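Colleague: This is the content of model-v7.tsv (TSV, C-alpha atoms):
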```tsv
chain	number	residue	atom	x	y	z
A	1	MET	CA	88.09	127.09	105.13
A	2	LYS	CA	90.53	124.83	106.98
A	3	ASN	CA	90.58	121.20	105.95
A	4	VAL	CA	89.62	117.96	107.64
A	5	VAL	CA	92.49	115.47	107.68
A	6	ILE	CA	91.54	111.81	107.27
A	7	ILE	CA	94.22	109.26	108.11
A	8	GLY	CA	93.77	105.96	106.29
A	9	THR	CA	92.87	104.90	102.77
A	10	GLY	CA	90.26	102.18	103.23
A	11	THR	CA	86.50	102.01	102.77
A	12	MET	CA	85.71	104.04	105.89
A	13	ALA	CA	88.21	106.75	104.96
A	14	ALA	CA	86.62	107.18	101.53
A	15	GLY	CA	83.11	107.32	102.99
A	16	ILE	CA	84.09	109.82	105.68
A	17	ALA	CA	85.88	111.99	103.15
A	18	ALA	CA	82.84	111.90	100.84
A	19	GLY	CA	80.64	113.30	103.60
A	20	PHE	CA	82.83	116.38	103.87
A	21	ILE	CA	83.38	116.80	100.12
A	22	SER	CA	79.61	116.63	99.55
A	23	GLN	CA	79.23	119.68	101.80
A	24	SER	CA	82.22	121.49	100.24
A	25	VAL	CA	84.49	121.12	103.27
A	26	PRO	CA	88.08	120.61	101.99
A	27	ILE	CA	89.76	117.37	103.02
A	28	ALA	CA	93.23	115.84	103.05
A	29	ILE	CA	93.61	112.06	102.87
A	30	LEU	CA	96.87	110.71	104.29
A	31	GLY	CA	98.12	107.17	103.91
A	32	ARG	CA	101.31	105.15	103.85
A	33	CYS	CA	101.93	106.12	100.23
A	34	LYS	CA	100.69	108.75	97.78
A	35	GLU	CA	99.29	106.13	95.40
A	36	LYS	CA	96.88	104.75	98.01
A	37	SER	CA	95.81	108.18	99.24
A	38	ALA	CA	95.23	109.30	95.62
A	39	ALA	CA	93.09	106.22	94.91
A	40	CYS	CA	91.10	106.80	98.10
A	41	LEU	CA	90.46	110.43	97.09
A	42	LYS	CA	89.12	109.32	93.70
A	43	LYS	CA	86.76	106.88	95.43
A	44	ALA	CA	85.65	109.58	97.89
A	45	ILE	CA	84.82	111.94	95.03
A	46	LEU	CA	82.77	109.23	93.31
A	47	LEU	CA	80.85	108.56	96.52
A	48	SER	CA	80.26	112.27	97.14
A	49	LYS	CA	78.71	112.62	93.69
A	50	LYS	CA	76.41	109.66	94.40
A	51	ILE	CA	75.03	111.25	97.56
A	52	GLY	CA	74.92	114.74	96.04
A	53	ILE	CA	77.26	117.71	96.37
A	54	ASN	CA	76.21	121.04	97.83
A	55	GLY	CA	77.91	124.42	98.04
A	56	ALA	CA	81.09	125.49	96.26
A	57	ASN	CA	81.90	121.96	95.03
A	58	ALA	CA	78.50	121.46	93.38
A	59	ASN	CA	79.47	122.40	89.83
A	60	LYS	CA	83.03	121.06	89.78
A	61	ASN	CA	84.04	118.14	87.59
A	62	ASP	CA	86.16	115.26	88.89
A	63	ALA	CA	89.45	116.91	87.97
A	64	GLU	CA	88.49	120.17	89.67
A	65	LEU	CA	87.35	118.29	92.77
A	66	GLU	CA	90.67	116.45	92.94
A	67	ILE	CA	92.64	119.68	92.65
A	68	SER	CA	90.62	121.33	95.41
A	69	GLN	CA	91.38	118.49	97.88
A	70	SER	CA	94.69	117.21	99.21
A	71	HIS	CA	96.33	113.84	99.70
A	72	GLY	CA	99.75	112.56	100.65
A	73	GLU	CA	101.87	110.48	103.00
A	74	LEU	CA	101.29	110.68	106.73
A	75	SER	CA	105.01	110.46	107.46
A	76	SER	CA	105.85	113.57	105.44
A	77	TRP	CA	102.73	115.72	105.84
A	78	GLN	CA	103.50	119.20	107.16
A	79	GLU	CA	100.29	121.22	106.79
A	80	TRP	CA	98.79	120.42	110.18
A	81	ASP	CA	98.18	124.07	111.05
A	82	GLN	CA	95.74	124.27	108.10
A	83	SER	CA	93.45	121.67	109.72
A	84	GLN	CA	90.31	121.98	111.84
A	85	TRP	CA	89.81	118.25	112.59
A	86	VAL	CA	92.00	115.15	112.28
A	87	ILE	CA	90.38	111.71	112.23
A	88	GLU	CA	92.15	108.33	112.13
A	89	THR	CA	90.46	105.47	110.24
A	90	VAL	CA	93.15	102.77	110.04
A	91	ALA	CA	92.70	99.04	110.77
A	92	GLU	CA	91.55	97.88	114.22
A	93	ASP	CA	95.06	97.36	115.54
A	94	MET	CA	95.75	98.94	118.92
A	95	SER	CA	99.52	99.14	118.48
A	96	LEU	CA	99.11	100.81	115.08
A	97	LYS	CA	96.59	103.31	116.40
A	98	ARG	CA	98.77	104.16	119.39
A	99	GLU	CA	101.75	104.62	117.09
A	100	ILE	CA	99.78	107.06	114.91
A	101	PHE	CA	98.36	108.96	117.89
A	102	ASN	CA	101.82	109.24	119.42
A	103	GLU	CA	102.98	110.85	116.17
A	104	LEU	CA	99.95	113.15	115.99
A	105	ASP	CA	100.43	114.16	119.63
A	106	LYS	CA	103.77	115.68	118.64
A	107	LYS	CA	102.95	117.08	115.20
A	108	VAL	CA	99.39	118.45	115.35
A	109	PRO	CA	99.02	121.85	117.09
A	110	PRO	CA	97.34	121.32	120.50
A	111	HIS	CA	94.24	123.40	119.68
A	112	ILE	CA	93.21	121.01	116.86
A	113	PRO	CA	91.04	118.03	117.97
A	114	ILE	CA	92.06	114.50	117.00
A	115	GLY	CA	89.61	111.60	116.74
A	116	SER	CA	89.63	107.86	116.14
A	117	ASN	CA	86.98	106.00	114.16
A	118	SER	CA	87.71	102.82	116.14
A	119	SER	CA	84.58	100.73	116.69
A	120	GLY	CA	86.06	98.76	119.57
A	121	PHE	CA	89.08	100.40	121.19
A	122	PRO	CA	88.40	103.07	123.84
A	123	ILE	CA	89.94	106.43	123.03
A	124	SER	CA	91.24	106.51	126.62
A	125	LYS	CA	93.49	103.52	125.84
A	126	ILE	CA	94.56	104.84	122.44
A	127	ALA	CA	95.51	108.21	123.98
A	128	ASP	CA	96.88	106.83	127.26
A	129	GLY	CA	100.03	108.66	128.37
A	130	LEU	CA	99.95	111.24	125.59
A	131	LYS	CA	100.58	114.88	126.47
A	132	THR	CA	97.57	116.26	124.58
A	133	ALA	CA	95.04	113.53	125.42
A	134	ASN	CA	92.62	116.32	126.39
A	135	ARG	CA	91.89	117.01	122.68
A	136	MET	CA	91.55	113.36	121.66
A	137	LEU	CA	88.15	111.70	121.32
A	138	GLY	CA	86.30	108.85	119.68
A	139	ALA	CA	84.49	109.59	116.42
A	140	HIS	CA	82.68	106.40	115.47
A	141	TYR	CA	80.98	106.21	112.07
A	142	PHE	CA	78.75	103.44	110.74
A	143	MET	CA	79.03	101.87	107.28
A	144	PRO	CA	78.40	103.13	104.71
A	145	ALA	CA	79.88	106.27	106.26
A	146	GLU	CA	78.80	108.55	103.41
A	147	VAL	CA	75.13	107.58	103.90
A	148	VAL	CA	74.50	106.72	107.58
A	149	PRO	CA	73.99	110.05	109.41
A	150	LEU	CA	75.12	109.05	112.91
A	151	VAL	CA	78.59	109.83	114.29
A	152	GLU	CA	79.28	108.91	117.92
A	153	ILE	CA	81.52	111.48	119.61
A	154	VAL	CA	83.03	109.77	122.65
A	155	LEU	CA	84.72	111.47	125.58
A	156	GLY	CA	87.90	109.83	126.85
A	157	GLU	CA	88.96	110.00	130.48
A	158	LYS	CA	90.93	113.19	129.80
A	159	THR	CA	88.95	114.73	126.94
A	160	ASP	CA	87.98	118.37	127.36
A	161	ILE	CA	84.27	118.46	126.51
A	162	ARG	CA	84.74	121.73	124.61
A	163	PHE	CA	86.57	119.86	121.84
A	164	ALA	CA	83.73	117.35	121.62
A	165	GLU	CA	81.12	120.10	121.45
A	166	ASP	CA	83.02	121.85	118.65
A	167	ILE	CA	83.20	118.63	116.63
A	168	CYS	CA	79.49	117.94	117.20
A	169	ASN	CA	78.80	121.38	115.73
A	170	LEU	CA	81.06	120.63	112.76
A	171	TYR	CA	79.10	117.46	112.01
A	172	ARG	CA	75.79	119.26	112.26
A	173	GLN	CA	77.06	121.71	109.65
A	174	ILE	CA	77.66	118.87	107.17
A	175	GLN	CA	74.21	117.33	107.78
A	176	LYS	CA	75.43	114.49	110.01
A	177	LYS	CA	73.77	113.51	113.29
A	178	PRO	CA	76.32	113.51	116.13
A	179	VAL	CA	75.56	112.03	119.55
A	180	LEU	CA	77.75	112.80	122.56
A	181	VAL	CA	78.77	109.72	124.58
A	182	LYS	CA	79.91	111.07	127.93
A	183	LYS	CA	81.80	108.00	129.14
A	184	ASP	CA	84.26	105.79	127.27
A	185	ILE	CA	82.44	102.45	127.69
A	186	PRO	CA	82.71	99.30	125.51
A	187	GLY	CA	80.51	99.59	122.43
A	188	PHE	CA	79.87	103.29	123.06
A	189	LEU	CA	76.13	103.94	122.56
A	190	ALA	CA	74.65	102.52	119.34
A	191	ASN	CA	76.61	99.26	119.37
A	192	ARG	CA	75.60	98.52	122.95
A	193	ILE	CA	71.94	98.82	121.96
A	194	GLN	CA	72.52	96.89	118.74
A	195	HIS	CA	74.32	94.04	120.52
A	196	ALA	CA	71.60	93.81	123.17
A	197	LEU	CA	69.13	93.19	120.34
A	198	MET	CA	71.47	90.76	118.56
A	199	ARG	CA	72.07	88.75	121.75
A	200	GLU	CA	68.33	88.21	122.11
A	201	ALA	CA	67.89	87.46	118.38
A	202	LEU	CA	70.69	84.87	118.34
A	203	SER	CA	69.35	83.30	121.53
A	204	LEU	CA	65.90	82.92	119.95
A	205	VAL	CA	67.45	81.23	116.90
A	206	GLU	CA	69.57	78.97	119.15
A	207	ALA	CA	66.46	77.89	121.07
A	208	GLY	CA	64.57	77.11	117.86
A	209	ILE	CA	61.90	79.69	118.64
A	210	ALA	CA	62.30	81.61	115.36
A	211	THR	CA	64.26	81.48	112.11
A	212	PRO	CA	66.73	84.21	111.12
A	213	GLU	CA	64.30	85.22	108.35
A	214	ASP	CA	61.38	85.60	110.77
A	215	ILE	CA	63.53	87.66	113.16
A	216	ASP	CA	64.47	89.98	110.28
A	217	ASP	CA	60.80	90.43	109.42
A	218	ALA	CA	59.78	90.91	113.06
A	219	VAL	CA	62.30	93.75	113.46
A	220	ARG	CA	61.89	95.40	110.05
A	221	TYR	CA	58.11	95.43	110.00
A	222	SER	CA	57.36	96.33	113.63
A	223	PHE	CA	59.54	98.46	115.89
A	224	GLY	CA	62.29	98.84	113.25
A	225	PHE	CA	59.68	100.32	110.93
A	226	ARG	CA	58.68	102.80	113.62
A	227	TYR	CA	62.27	103.69	114.51
A	228	ALA	CA	62.81	105.30	111.11
A	229	ALA	CA	60.22	107.83	112.26
A	230	VAL	CA	61.19	108.30	115.92
A	231	GLY	CA	63.64	106.68	118.33
A	232	PRO	CA	62.67	104.19	121.06
A	233	MET	CA	62.50	106.77	123.85
A	234	THR	CA	60.22	109.13	121.93
A	235	GLN	CA	58.10	106.22	120.68
A	236	LYS	CA	57.36	105.24	124.29
A	237	GLU	CA	56.65	108.86	125.15
A	238	ILE	CA	53.99	108.64	122.42
A	239	SER	CA	52.55	105.25	123.42
A	240	GLY	CA	52.98	105.64	127.18
A	241	TRP	CA	55.57	104.32	129.63
A	242	ASP	CA	52.96	102.56	131.74
A	243	GLY	CA	52.15	100.06	129.00
A	244	MET	CA	55.85	99.45	128.38
A	245	ALA	CA	56.47	98.98	132.11
A	246	ASN	CA	53.71	96.39	132.48
A	247	ALA	CA	55.09	94.38	129.54
A	248	ALA	CA	58.66	94.74	130.82
A	249	ARG	CA	57.82	93.19	134.18
A	250	GLU	CA	56.68	90.07	132.35
A	251	ILE	CA	59.38	89.98	129.66
A	252	TYR	CA	62.61	91.10	131.41
A	253	PRO	CA	63.04	87.96	133.57
A	254	SER	CA	62.99	85.74	130.46
A	255	LEU	CA	65.40	87.77	128.31
A	256	SER	CA	68.77	86.29	127.41
A	257	ASN	CA	71.69	87.30	129.62
A	258	ILE	CA	74.35	85.09	127.98
A	259	THR	CA	77.91	86.44	128.09
A	260	THR	CA	79.36	84.23	125.33
A	261	LEU	CA	78.32	83.62	121.73
A	262	PRO	CA	75.67	80.94	121.12
A	263	SER	CA	77.13	77.58	120.05
A	264	GLN	CA	75.24	77.65	116.76
A	265	LEU	CA	76.99	80.87	115.71
A	266	GLU	CA	80.37	79.59	116.90
A	267	LYS	CA	79.93	76.45	114.75
A	268	LEU	CA	78.97	78.54	111.71
A	269	MET	CA	82.13	80.63	111.99
A	270	GLN	CA	84.36	77.65	112.67
A	271	SER	CA	83.15	76.13	109.41
A	272	GLY	CA	83.90	79.38	107.55
A	273	LYS	CA	80.27	80.38	107.11
A	274	THR	CA	80.69	84.07	107.93
A	275	GLY	CA	77.97	85.52	105.68
A	276	MET	CA	77.80	86.92	102.18
A	277	LYS	CA	81.58	87.33	101.82
A	278	ALA	CA	81.92	83.55	102.28
A	279	GLY	CA	78.85	82.69	100.23
A	280	GLU	CA	77.08	81.32	103.28
A	281	GLY	CA	76.07	82.25	106.83
A	282	PHE	CA	72.78	81.12	108.32
A	283	ARG	CA	71.79	80.67	104.68
A	284	LYS	CA	73.57	80.23	101.33
A	285	TRP	CA	74.09	83.20	99.02
A	286	THR	CA	74.51	83.04	95.25
A	287	PRO	CA	76.36	85.89	93.48
A	288	GLU	CA	73.04	86.99	91.99
A	289	GLU	CA	71.35	87.10	95.41
A	290	ILE	CA	74.25	89.05	96.87
A	291	GLU	CA	74.05	91.65	94.11
A	292	LYS	CA	70.27	91.96	94.39
A	293	THR	CA	70.27	92.21	98.20
A	294	THR	CA	73.10	94.75	98.41
A	295	GLU	CA	71.46	96.89	95.72
A	296	ALA	CA	68.16	96.83	97.61
A	297	TYR	CA	70.01	97.64	100.84
A	298	SER	CA	71.55	100.75	99.28
A	299	LYS	CA	68.20	101.93	97.91
A	300	ARG	CA	66.47	101.41	101.25
A	301	LEU	CA	69.20	103.29	103.10
A	302	LYS	CA	68.72	106.22	100.74
A	303	ALA	CA	64.94	106.09	101.31
A	304	ALA	CA	65.45	105.91	105.08
A	305	PHE	CA	67.74	108.94	104.89
A	306	ASP	CA	65.02	110.84	103.04
A	307	VAL	CA	62.51	109.87	105.77
A	308	LEU	CA	64.87	111.07	108.49
A	309	SER	CA	65.22	114.41	106.69
A	310	ILE	CA	61.49	115.17	107.07
A	311	GLN	CA	60.97	117.97	109.57
```
Written as structure tokens, how would this file's structure read?
Modeller:
Amino acid sequence: MKNVVIIGTGTMAAGIAAGFISQSVPIAILGRCKEKSAACLKKAILLSKKIGINGANANKNDAELEISQSHGELSSWQEWDQSQWVIETVAEDMSLKREIFNELDKKVPPHIPIGSNSSGFPISKIADGLKTANRMLGAHYFMPAEVVPLVEIVLGEKTDIRFAEDICNLYRQIQKKPVLVKKDIPGFLANRIQHALMREALSLVEAGIATPEDIDDAVRYSFGFRYAAVGPMTQKEISGWDGMANAAREIYPSLSNITTLPSQLEKLMQSGKTGMKAGEGFRKWTPEEIEKTTEAYSKRLKAAFDVLSIQ
């Protein structure tokens, strides 16, 4: 089986690699140096064992798993013809991404698709002016990449849809859930929906209508609870579009349509209160609370994954 090449050695790279290793698809991790790519491979193997390994890799120990994968330096890698999919996961730096894609444009055989895990930069801009832009597409994962099933496959202005369809099939084979985004728009699909919700949530906090804690509970224990079972479109097919339409006529005119961040959030960030990593966001976080919350988050994600697997 040909390998999947992952460019980058950060958290996303390790999670993406783990998803393939767990389904016994060989991978190659490429970074700026062999030491970083080797460390990323070790982390990916650890993550793959946490989520469970199927197929030929199932009974291999860590040493055997390392031997059966590849890693190295991007600048010196030569085994491109042994690849079925190349995905870039480096930092959100447009000049860096364009530099890498320019290199891949020349080195990777033109029948092999190339993707970017960028969460913000359109693949059309990353691939602009490149000779083989027709095989380049967005491939947006969500953290933690080894657990969250969704991968957004985004068509650029010049992407041949056949490459996108092939990659969607590849992800289905490794138990991921690909969605095809047919136009390269800001935020792609999931983030547009997520930010629409967050804009309304932040506006409600700004207006003093609800606390951040009450908004969390309102989402988790109402429609968020239902969305683990079916998505919003199917849920309304079940409950009826007429009821939704009647409510929408009343609600839509009052929804937030702000185009800048609320002042309360701006002030939080200006004072360095960016969330758990800073020890404070809308609320303060002790080290013990951080550990407890992140542990519960991981357990709930695993439980949600199990729910989504029910046929």
Colleague: With distances taken over all atoms listed in the file, which of A:Ala91, A:Cys33, A:Met143, A:Ile167 is nearest to Val4 in chain A?
Modeller: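 Closest candidate: A:Ile167.
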Colleague: Tell me which protein, DNA and RNA residues are within 10 Å of range 266-282 of chain A, counting all atoms listed in the file, leaving out same-chain ones fewer than 6 positions away, and put them as a PDB file with C-alpha atoms, keeping the file's coordinate frame.
Modeller:
```pdb
ATOM      1  CA  THR A 211      64.260  81.480 112.110  1.00  0.00           C
ATOM      2  CA  PRO A 212      66.730  84.210 111.120  1.00  0.00           C
ATOM      3  CA  GLU A 213      64.300  85.220 108.350  1.00  0.00           C
ATOM      4  CA  THR A 260      79.360  84.230 125.330  1.00  0.00           C
ATOM      5  CA  GLU A 289      71.350  87.100  95.410  1.00  0.00           C
ATOM      6  CA  ILE A 290      74.250  89.050  96.870  1.00  0.00           C
ATOM      7  CA  THR A 294      73.100  94.750  98.410  1.00  0.00           C
TER       8      THR A 294
END
```
Colleague: State, in Å with one decimal place, the distance from CA of Gly231 in chain A to CA of Ala190 in chain A.
Modeller: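 Taking CA of Gly231 in chain A and CA of Ala190 in chain A, their separation equals 11.8 Å.
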Colleague: Find the spatial neighbours of Gln84 in chain A, counting all atoms listed in the file, within a cut-off of 10 Å - ignore same-chain residues fewer than 5 positions away - and output them as a list in words.
Modeller: Met1, Lys2, Asn3, Val4, Val5, Ile27, His111, Ile112, Pro113, Ile114, Asp166, Ile167 and Leu170 of chain A
Colleague: Enter the distance from CA of Gln175 in chain A to CA of Ser24 in chain A, in Å, rounded to one decimal.
Modeller: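 Those two atoms sit 11.8 Å apart.
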Colleague: Could you tell me how far CA of Ile161 in chain A lies from CA of Lys182 in chain A, in Å and to one decimal?
Modeller: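 According to the coordinates, CA of Ile161 in chain A and CA of Lys182 in chain A are separated by 8.7 Å.
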Colleague: Which residues are close to Arg98 in chain A, i.e. within 12 Å by only C-alpha atoms, leaving aside same-chain residues fewer than 6 positions away? Reply as a PDB file with C-alpha atoms, keeping the file's coordinate frame.
Modeller:
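Everything below was put into out_26.pdb:
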```
ATOM      1  CA  GLU A  88      92.150 108.330 112.130  1.00  0.00           C
ATOM      2  CA  VAL A  90      93.150 102.770 110.040  1.00  0.00           C
ATOM      3  CA  ALA A  91      92.700  99.040 110.770  1.00  0.00           C
ATOM      4  CA  GLU A  92      91.550  97.880 114.220  1.00  0.00           C
ATOM      5  CA  LEU A 104      99.950 113.150 115.990  1.00  0.00           C
ATOM      6  CA  ASP A 105     100.430 114.160 119.630  1.00  0.00           C
ATOM      7  CA  SER A 116      89.630 107.860 116.140  1.00  0.00           C
ATOM      8  CA  SER A 118      87.710 102.820 116.140  1.00  0.00           C
ATOM      9  CA  PHE A 121      89.080 100.400 121.190  1.00  0.00           C
ATOM     10  CA  PRO A 122      88.400 103.070 123.840  1.00  0.00           C
ATOM     11  CA  ILE A 123      89.940 106.430 123.030  1.00  0.00           C
ATOM     12  CA  SER A 124      91.240 106.510 126.620  1.00  0.00           C
ATOM     13  CA  LYS A 125      93.490 103.520 125.840  1.00  0.00           C
ATOM     14  CA  ILE A 126      94.560 104.840 122.440  1.00  0.00           C
ATOM     15  CA  ALA A 127      95.510 108.210 123.980  1.00  0.00           C
ATOM     16  CA  ASP A 128      96.880 106.830 127.260  1.00  0.00           C
ATOM     17  CA  GLY A 129     100.030 108.660 128.370  1.00  0.00           C
ATOM     18  CA  LEU A 130      99.950 111.240 125.590  1.00  0.00           C
ATOM     19  CA  ALA A 133      95.040 113.530 125.420  1.00  0.00           C
ATOM     20  CA  MET A 136      91.550 113.360 121.660  1.00  0.00           C
TER      21      MET A 136
END
```
Colleague: Extract, using all atoms listed in the file, all DNA, RNA and protein residues at most 9 Å from Arg199 in chain A, discarding same-chain residues fewer than 3 positions from it, and format them as a list in words.
Modeller: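 So, after excluding close chain neighbours, the residues are Gln194, His195, Ala196, Leu202, Ser203, Leu204, Ser256, Asn257, Ile258, Thr259, Leu261 and Pro262 of chain A.
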Colleague: Considering all atoms listed in the file, can you say which of A:Gly55, A:Gly10, A:Gly224, A:Gly19 comes closest to Thr89 in chain A?
Modeller: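 Smallest distance to Thr89 in chain A is found for A:Gly10.
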Colleague: When you look at Glu206 in chain A with a cut-off of 9 Å (counting all atoms listed in the file), what residues show up, excluding the ones that are within fewer than 5 positions of it in the same chain? I need them as a PyMOL selection string.
Modeller: chain A and resi 201+262-265
Colleague: Go through A:Ser70, A:Asn134, A:Ser48, A:Asn61 one by one, measure the shortest atom-to-atom distance of each to Ala28 in chain A using only C-alpha atoms, and give the residue with the smallest value.
Modeller: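 Closest to Ala28 in chain A, using only C-alpha atoms: A:Ser70.
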Colleague: Of the residues A:Leu150, A:Ala63, A:Ile51, A:Leu137, which is the one nearest to Ile21 in chain A, using all atoms listed in the file?
Modeller: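 Checking each of A:Leu150, A:Ala63, A:Ile51, A:Leu137 against Ile21 in chain A, counting all atoms listed in the file, the winner is A:Ile51.
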Colleague: Choose the residue, out of A:Asp93, A:Glu103, A:Glu35, A:Asp184, that has the smallest atom-to-atom separation from Gly138 in chain A; count only C-alpha atoms.
Modeller: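 Among the listed residues, A:Asp184 lies closest to Gly138 in chain A.
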Colleague: In terms of the shortest atom-to-atom distance over only C-alpha atoms, which of A:Lys158, A:Lys106, A:Lys176, A:Lys60 is closest to Phe20 in chain A?
Modeller: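 So, comparing all the options, the nearest one is A:Lys176.
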